[in-house]
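A.B. asks: See entry_35.cif below, with mmCIF, C-alpha atoms.
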data_target
loop_
_atom_site.label_atom_id
_atom_site.label_comp_id
_atom_site.auth_asym_id
_atom_site.auth_seq_id
_atom_site.Cartn_x
_atom_site.Cartn_y
_atom_site.Cartn_z
CA MET H 202 52.36 25.00 135.06
CA SER H 203 52.17 28.73 135.54
CA ALA H 204 48.68 29.45 134.30
CA ALA H 205 45.34 28.07 135.35
CA GLY H 206 44.91 26.50 131.91
CA ASP H 207 47.97 24.33 132.51
CA CYS H 208 46.62 23.06 135.80
CA GLY H 209 44.53 20.02 136.69
CA PRO H 210 41.92 21.55 138.99
CA GLY H 211 39.24 23.60 137.29
CA SER H 212 38.86 26.16 140.07
CA PRO H 213 40.23 27.23 143.45
CA ALA H 214 37.22 25.48 145.02
CA ALA H 215 38.24 22.18 143.40
CA LEU H 216 41.76 22.75 144.70
CA PHE H 217 40.41 23.39 148.22
CA LEU H 218 38.30 20.22 148.17
CA ALA H 219 41.14 18.08 146.83
CA PHE H 220 43.65 19.25 149.44
CA ASN H 221 41.04 18.96 152.18
CA GLN H 222 40.41 15.37 151.11
CA LEU H 223 44.18 14.71 151.11
CA ALA H 224 44.56 16.11 154.60
CA LEU H 225 41.69 14.03 155.96
CA GLN H 226 43.13 10.82 154.48
CA GLY H 227 46.69 11.41 155.56
CA PHE H 228 46.87 10.38 159.18
CA GLY H 229 50.57 9.88 159.89
CA GLY H 230 51.73 11.07 156.50
CA VAL H 231 49.97 13.02 153.78
CA LEU H 232 52.73 12.67 151.17
CA ALA H 233 51.85 9.09 150.26
CA VAL H 234 48.20 10.05 149.85
CA ALA H 235 49.12 13.24 147.95
CA GLN H 236 51.24 11.33 145.46
CA ARG H 237 48.49 8.77 144.88
CA GLU H 238 45.72 11.38 144.58
CA LEU H 239 47.46 14.12 142.61
CA VAL H 240 49.57 11.94 140.29
CA GLU H 241 47.81 8.61 139.92
CA ARG H 242 44.12 9.23 140.59
CA ARG H 243 43.41 12.83 139.54
CA ARG H 244 46.34 13.07 137.08
CA TRP H 245 46.83 16.74 137.89
CA MET H 246 50.60 16.36 137.62
CA SER H 247 53.26 13.91 136.53
CA LYS H 248 55.58 12.03 138.88
CA ASP H 249 58.37 14.38 137.81
CA ALA H 250 56.28 17.46 138.62
CA PHE H 251 55.34 15.93 142.00
CA LEU H 252 59.02 15.26 142.75
CA GLU H 253 59.84 18.87 141.83
CA LEU H 254 57.21 20.18 144.25
CA LEU H 255 58.32 17.73 146.93
CA SER H 256 61.95 18.81 146.54
CA ILE H 257 61.05 22.47 146.89
CA GLY H 258 58.65 21.75 149.75
CA GLN H 259 61.30 19.85 151.70
CA VAL H 260 63.88 22.61 151.43
CA LEU H 261 61.53 25.30 152.73
CA PRO H 262 60.74 25.56 156.44
CA GLY H 263 57.42 24.09 157.51
CA PRO H 264 55.49 20.93 156.69
CA ASN H 265 56.22 19.56 153.21
CA ILE H 266 52.58 19.13 152.22
CA VAL H 267 51.73 22.69 153.28
CA ASN H 268 54.61 24.05 151.21
CA MET H 269 53.59 21.89 148.26
CA ALA H 270 49.95 22.99 148.52
CA LEU H 271 50.95 26.67 148.56
CA ILE H 272 53.26 26.34 145.58
CA TYR H 273 50.84 24.23 143.52
CA GLY H 274 47.90 26.48 144.34
CA ASP H 275 49.92 29.55 143.37
CA ARG H 276 50.99 27.97 140.10
CA CYS H 277 47.39 27.15 139.24
CA PHE H 278 45.45 30.22 140.37
CA GLY H 279 47.88 32.70 141.91
CA TRP H 280 47.24 33.90 145.46
CA ARG H 281 43.63 32.62 145.35
CA GLY H 282 44.87 29.12 144.56
CA ALA H 283 47.58 29.30 147.22
CA PHE H 284 45.01 30.34 149.81
CA ALA H 285 42.50 27.68 148.68
CA ALA H 286 45.07 24.87 148.80
CA LEU H 287 46.42 26.05 152.16
CA ALA H 288 42.92 26.29 153.64
CA GLY H 289 42.10 22.86 152.26
CA VAL H 290 45.12 21.23 153.79
CA MET H 291 44.85 23.02 157.15
CA ALA H 292 41.24 23.85 158.13
CA VAL H 293 39.59 20.57 159.14
CA PRO H 294 42.84 18.91 160.33
CA LEU H 295 43.40 21.89 162.65
CA LEU H 296 40.01 21.32 164.24
CA ILE H 297 40.72 17.59 164.58
CA VAL H 298 44.10 18.23 166.20
CA LEU H 299 42.58 20.68 168.68
CA VAL H 300 39.93 18.12 169.68
CA LEU H 301 42.55 15.34 169.91
CA ALA H 302 44.82 17.56 172.03
CA TRP H 303 41.96 18.15 174.43
CA LEU H 304 41.20 14.41 174.55
CA TRP H 305 44.90 13.60 175.03
CA GLN H 306 45.01 15.95 177.98
CA GLN H 307 42.17 13.96 179.52
CA GLY H 308 43.77 10.50 179.10
CA ALA H 309 47.51 10.84 178.37
CA ALA H 310 48.52 8.60 181.27
CA SER H 311 46.60 5.64 179.85
CA PRO H 312 48.70 2.67 178.62
CA LEU H 313 46.20 2.37 175.76
CA ALA H 314 47.12 5.87 174.55
CA ALA H 315 50.86 5.11 174.71
CA GLY H 316 50.38 1.89 172.74
CA ALA H 317 48.29 3.68 170.12
CA LEU H 318 51.06 6.25 169.56
CA LYS H 319 53.67 3.51 169.10
CA GLY H 320 51.47 1.79 166.53
CA MET H 321 50.83 5.04 164.66
CA SER H 322 54.56 5.76 164.43
CA LEU H 323 55.11 2.45 162.64
CA VAL H 324 52.33 3.22 160.17
CA ALA H 325 53.77 6.69 159.49
CA SER H 326 57.22 5.18 158.82
CA GLY H 327 55.69 2.67 156.44
CA LEU H 328 53.91 5.45 154.52
CA ILE H 329 57.18 7.34 154.06
CA VAL H 330 58.98 4.23 152.78
CA ALA H 331 56.07 3.37 150.44
CA THR H 332 56.11 6.87 148.95
CA ALA H 333 59.86 6.71 148.42
CA LEU H 334 59.56 3.35 146.65
CA ARG H 335 56.80 4.66 144.37
CA LEU H 336 58.82 7.68 143.34
CA VAL H 337 62.19 5.98 142.89
CA GLY H 338 61.43 5.27 139.22
CA ALA H 339 61.45 8.99 138.47
CA LEU H 340 65.05 9.17 139.69
CA ALA H 341 66.15 7.13 136.68
CA ARG H 342 65.13 10.05 134.44
CA ASN H 343 66.85 12.64 136.63
CA VAL H 344 69.45 14.76 134.86
CA MET H 345 72.11 13.70 137.41
CA GLY H 346 71.69 10.02 136.55
CA LEU H 347 70.54 7.13 138.69
CA ALA H 348 73.96 6.40 140.23
CA ALA H 349 74.39 9.96 141.51
CA CYS H 350 70.83 10.04 142.83
CA VAL H 351 71.31 6.77 144.69
CA ALA H 352 74.64 8.00 146.10
CA LEU H 353 72.99 11.20 147.38
CA VAL H 354 70.11 9.24 148.93
CA VAL H 355 72.53 6.86 150.65
CA ALA H 356 74.67 9.76 151.89
CA THR H 357 71.57 11.48 153.29
CA VAL H 358 70.30 8.33 155.02
CA LEU H 359 73.74 7.68 156.52
CA ALA H 360 74.19 11.27 157.67
CA ILE H 361 70.76 11.63 159.28
CA GLY H 362 69.77 8.07 160.15
CA VAL H 363 73.09 6.52 161.16
CA MET H 364 75.42 9.36 162.15
CA ARG H 365 72.51 11.39 163.60
CA TRP H 366 73.73 14.66 162.11
CA PRO H 367 71.18 17.46 162.39
CA LEU H 368 69.15 18.26 159.29
CA VAL H 369 70.33 21.86 159.48
CA ALA H 370 73.88 20.61 158.75
CA VAL H 371 72.99 17.90 156.23
CA LEU H 372 70.73 20.03 154.06
CA PRO H 373 73.33 22.67 153.16
CA GLY H 374 76.09 20.07 152.75
CA ILE H 375 74.46 17.35 150.68
CA GLY H 376 71.85 19.73 149.27
CA LEU H 377 74.43 22.12 147.85
CA ALA H 378 76.44 19.20 146.47
CA ALA H 379 73.32 17.87 144.72
CA TRP H 380 72.44 21.34 143.43
CA GLY H 381 75.97 21.79 142.06
CA LEU H 382 75.95 18.40 140.36
CA ALA H 383 72.53 19.07 138.82
CA ARG H 384 73.68 22.47 137.59
CA VAL H 385 76.77 20.94 135.93
CA GLN H 386 74.69 18.21 134.29
CA LEU H 387 72.07 20.70 133.08
CA SER H 388 74.74 22.93 131.54
CA ARG H 389 76.26 19.89 129.79
CA ALA H 390 72.85 18.86 128.49
CA ALA H 391 72.22 22.39 127.18
CA ARG H 392 75.36 22.31 125.00
#
Let me see the file written as structure tokens.

C.D. replies:
Amino acid sequence: MSAAGDCGPGSPAALFLAFNQLALQGFGGVLAVAQRELVERRRWMSKDAFLELLSIGQVLPGPNIVNMALIYGDRCFGWRGAFAALAGVMAVPLLIVLVLAWLWQQGAASPLAAGALKGMSLVASGLIVATALRLVGALARNVMGLAACVALVVATVLAIGVMRWPLVAVLPGIGLAAWGLARVQLSRAAR
């Protein structure tokens, strides 16, 4: 996926519009919408390619979808694609957030506002779980094998969700272990 010919969108403008549409649909979590739009609806990439971008996007600092947009845009159209995808994912949502911040400042003490935030957090959690369930099938084809993938997921959930370890400690620990295991399995597969 390194040249524009290997890419789904026909132009940087199409990339901008697609990522803008993703951003405007993704209240509380763009990843679920991105997976549905880019993999299932537009068929610009496979589930495996989406998981690859997601993995890279999660390791880098910053929002996952922004990292994914930059990488995908760059792969498709170089710096023009990276800029188009980034602008698409950021421009209109930035304006919306600025307006909402101003409105929040006006009515933050309202019980209605507090209740709305609690409800939105549940929806965002549901979107994350739904995305994970949709993508779990791709783990079966992972070079490390399904058992290792499940063990790494469980270890990550336990470390962050149960033991409350900081991500900055979990990522190097479990991440490096996963990287090492994948590297060993890839070298075995290459023989």

A.B. asks: Can you measure atom CA of H:Val344 to atom CA of H:Gly381 for me? One decimal in Å is fine.

C.D. replies: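 A separation of 12.0 Å between them.
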
A.B. asks: Of the candidates H:Cys208, H:Val231, H:Ala378, H:Ile297, which shows the shortest atom-to-atom distance to H:Ser247, using only C-alpha atoms?

C.D. replies: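 Closest to H:Ser247 of all the choices is H:Cys208.
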
A.B. asks: Could you spell out the hits of the PyMOL selection byres ((chain H and resi 220) around 12) on the shown file, as a PyMOL selection string?

C.D. replies: chain H and resi 210+213-219+221-227+231-232+234-236+238-239+243+266-267+269-271+273-274+282-294

A.B. asks: Atom CA of H:Asn343 to atom CA of H:Arg276: how many Å, to one decimal?

C.D. replies: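 Separation between atom CA of H:Asn343 and atom CA of H:Arg276: 22.3 Å.
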
A.B. asks: Report the distance between atom CA of H:Val358 and atom CA of H:Ser326 in Å, rounded to one decimal place.

C.D. replies: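 Calculated distance between atom CA of H:Val358 and atom CA of H:Ser326 is 14.0 Å.
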
A.B. asks: Determine the residue set returned by the PyMOL selection byres ((chain H and resi 331) around 12) for the present structure, and present it as a list in words.

C.D. replies: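 Output of the PyMOL selection byres ((chain H and resi 331) around 12): Gly230, Val231, Leu232, Ala233, Val234, Gln236, Arg237, Val324, Ala325, Ser326, Gly327, Leu328, Ile329, Val330, Thr332, Ala333, Leu334, Arg335, Leu336 and Val337 of chain H.
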
A.B. asks: Starting from the shown file, work through the PyMOL selection byres ((chain H and resi 349-354) around 12) and note down what comes out as a PyMOL selection string.

C.D. replies: chain H and resi 333+337-348+355-362+371-372+374-383+386

A.B. asks: Will you give me stretch 285-350 of chain H, written with C-alpha atoms and laid out as a PDB file, in the first residue's frame?

C.D. replies:
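Written output follows (out10.pdb):
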ATOM      1  CA  ALA H 285      -5.694  15.654   3.527  1.00  0.00           C
ATOM      2  CA  ALA H 286      -6.529  12.813   5.925  1.00  0.00           C
ATOM      3  CA  LEU H 287      -5.383  14.829   8.944  1.00  0.00           C
ATOM      4  CA  ALA H 288      -7.412  17.863   7.869  1.00  0.00           C
ATOM      5  CA  GLY H 289     -10.418  15.641   7.259  1.00  0.00           C
ATOM      6  CA  VAL H 290     -10.281  14.066  10.679  1.00  0.00           C
ATOM      7  CA  MET H 291      -9.554  17.317  12.550  1.00  0.00           C
ATOM      8  CA  ALA H 292     -11.091  20.400  10.872  1.00  0.00           C
ATOM      9  CA  VAL H 293     -14.841  20.242  11.518  1.00  0.00           C
ATOM     10  CA  PRO H 294     -14.539  18.317  14.817  1.00  0.00           C
ATOM     11  CA  LEU H 295     -12.207  21.052  16.091  1.00  0.00           C
ATOM     12  CA  LEU H 296     -14.855  23.668  15.388  1.00  0.00           C
ATOM     13  CA  ILE H 297     -17.521  21.530  17.068  1.00  0.00           C
ATOM     14  CA  VAL H 298     -15.364  21.009  20.166  1.00  0.00           C
ATOM     15  CA  LEU H 299     -14.661  24.734  20.444  1.00  0.00           C
ATOM     16  CA  VAL H 300     -18.395  25.511  20.278  1.00  0.00           C
ATOM     17  CA  LEU H 301     -19.196  22.736  22.786  1.00  0.00           C
ATOM     18  CA  ALA H 302     -16.479  23.988  25.150  1.00  0.00           C
ATOM     19  CA  TRP H 303     -18.021  27.431  25.060  1.00  0.00           C
ATOM     20  CA  LEU H 304     -21.493  25.971  25.691  1.00  0.00           C
ATOM     21  CA  TRP H 305     -20.131  23.784  28.502  1.00  0.00           C
ATOM     22  CA  GLN H 306     -18.666  26.845  30.152  1.00  0.00           C
ATOM     23  CA  GLN H 307     -22.136  28.377  30.124  1.00  0.00           C
ATOM     24  CA  GLY H 308     -23.958  25.390  31.707  1.00  0.00           C
ATOM     25  CA  ALA H 309     -21.441  23.010  33.336  1.00  0.00           C
ATOM     26  CA  ALA H 310     -23.164  23.125  36.718  1.00  0.00           C
ATOM     27  CA  SER H 311     -26.400  21.733  35.280  1.00  0.00           C
ATOM     28  CA  PRO H 312     -27.406  18.210  36.427  1.00  0.00           C
ATOM     29  CA  LEU H 313     -28.582  17.617  32.859  1.00  0.00           C
ATOM     30  CA  ALA H 314     -25.036  18.164  31.563  1.00  0.00           C
ATOM     31  CA  ALA H 315     -23.558  15.777  34.151  1.00  0.00           C
ATOM     32  CA  GLY H 316     -26.099  13.089  33.249  1.00  0.00           C
ATOM     33  CA  ALA H 317     -25.397  13.527  29.544  1.00  0.00           C
ATOM     34  CA  LEU H 318     -21.666  12.969  30.108  1.00  0.00           C
ATOM     35  CA  LYS H 319     -22.320   9.767  32.079  1.00  0.00           C
ATOM     36  CA  GLY H 320     -24.518   8.449  29.283  1.00  0.00           C
ATOM     37  CA  MET H 321     -21.946   9.315  26.620  1.00  0.00           C
ATOM     38  CA  SER H 322     -19.213   7.465  28.511  1.00  0.00           C
ATOM     39  CA  LEU H 323     -21.279   4.273  28.390  1.00  0.00           C
ATOM     40  CA  VAL H 324     -21.809   4.651  24.653  1.00  0.00           C
ATOM     41  CA  ALA H 325     -18.085   5.231  24.086  1.00  0.00           C
ATOM     42  CA  SER H 326     -17.239   2.078  26.075  1.00  0.00           C
ATOM     43  CA  GLY H 327     -19.727   0.091  24.033  1.00  0.00           C
ATOM     44  CA  LEU H 328     -18.167   1.320  20.777  1.00  0.00           C
ATOM     45  CA  ILE H 329     -14.721   0.189  21.903  1.00  0.00           C
ATOM     46  CA  VAL H 330     -15.998  -3.277  22.864  1.00  0.00           C
ATOM     47  CA  ALA H 331     -17.939  -3.595  19.586  1.00  0.00           C
ATOM     48  CA  THR H 332     -14.844  -2.730  17.551  1.00  0.00           C
ATOM     49  CA  ALA H 333     -12.760  -5.256  19.461  1.00  0.00           C
ATOM     50  CA  LEU H 334     -15.351  -7.988  18.861  1.00  0.00           C
ATOM     51  CA  ARG H 335     -15.471  -7.212  15.130  1.00  0.00           C
ATOM     52  CA  LEU H 336     -11.713  -7.421  14.769  1.00  0.00           C
ATOM     53  CA  VAL H 337     -11.104 -10.494  16.927  1.00  0.00           C
ATOM     54  CA  GLY H 338     -11.492 -12.785  13.905  1.00  0.00           C
ATOM     55  CA  ALA H 339      -8.352 -11.323  12.358  1.00  0.00           C
ATOM     56  CA  LEU H 340      -6.372 -12.456  15.404  1.00  0.00           C
ATOM     57  CA  ALA H 341      -6.893 -16.078  14.361  1.00  0.00           C
ATOM     58  CA  ARG H 342      -4.741 -15.402  11.282  1.00  0.00           C
ATOM     59  CA  ASN H 343      -2.040 -13.601  13.271  1.00  0.00           C
ATOM     60  CA  VAL H 344       1.442 -15.078  12.951  1.00  0.00           C
ATOM     61  CA  MET H 345       1.662 -15.492  16.744  1.00  0.00           C
ATOM     62  CA  GLY H 346      -1.405 -17.748  16.844  1.00  0.00           C
ATOM     63  CA  LEU H 347      -4.751 -17.250  18.521  1.00  0.00           C
ATOM     64  CA  ALA H 348      -3.663 -18.558  21.943  1.00  0.00           C
ATOM     65  CA  ALA H 349      -0.752 -16.111  22.205  1.00  0.00           C
ATOM     66  CA  CYS H 350      -2.927 -13.225  21.018  1.00  0.00           C
TER      67      CYS H 350
END
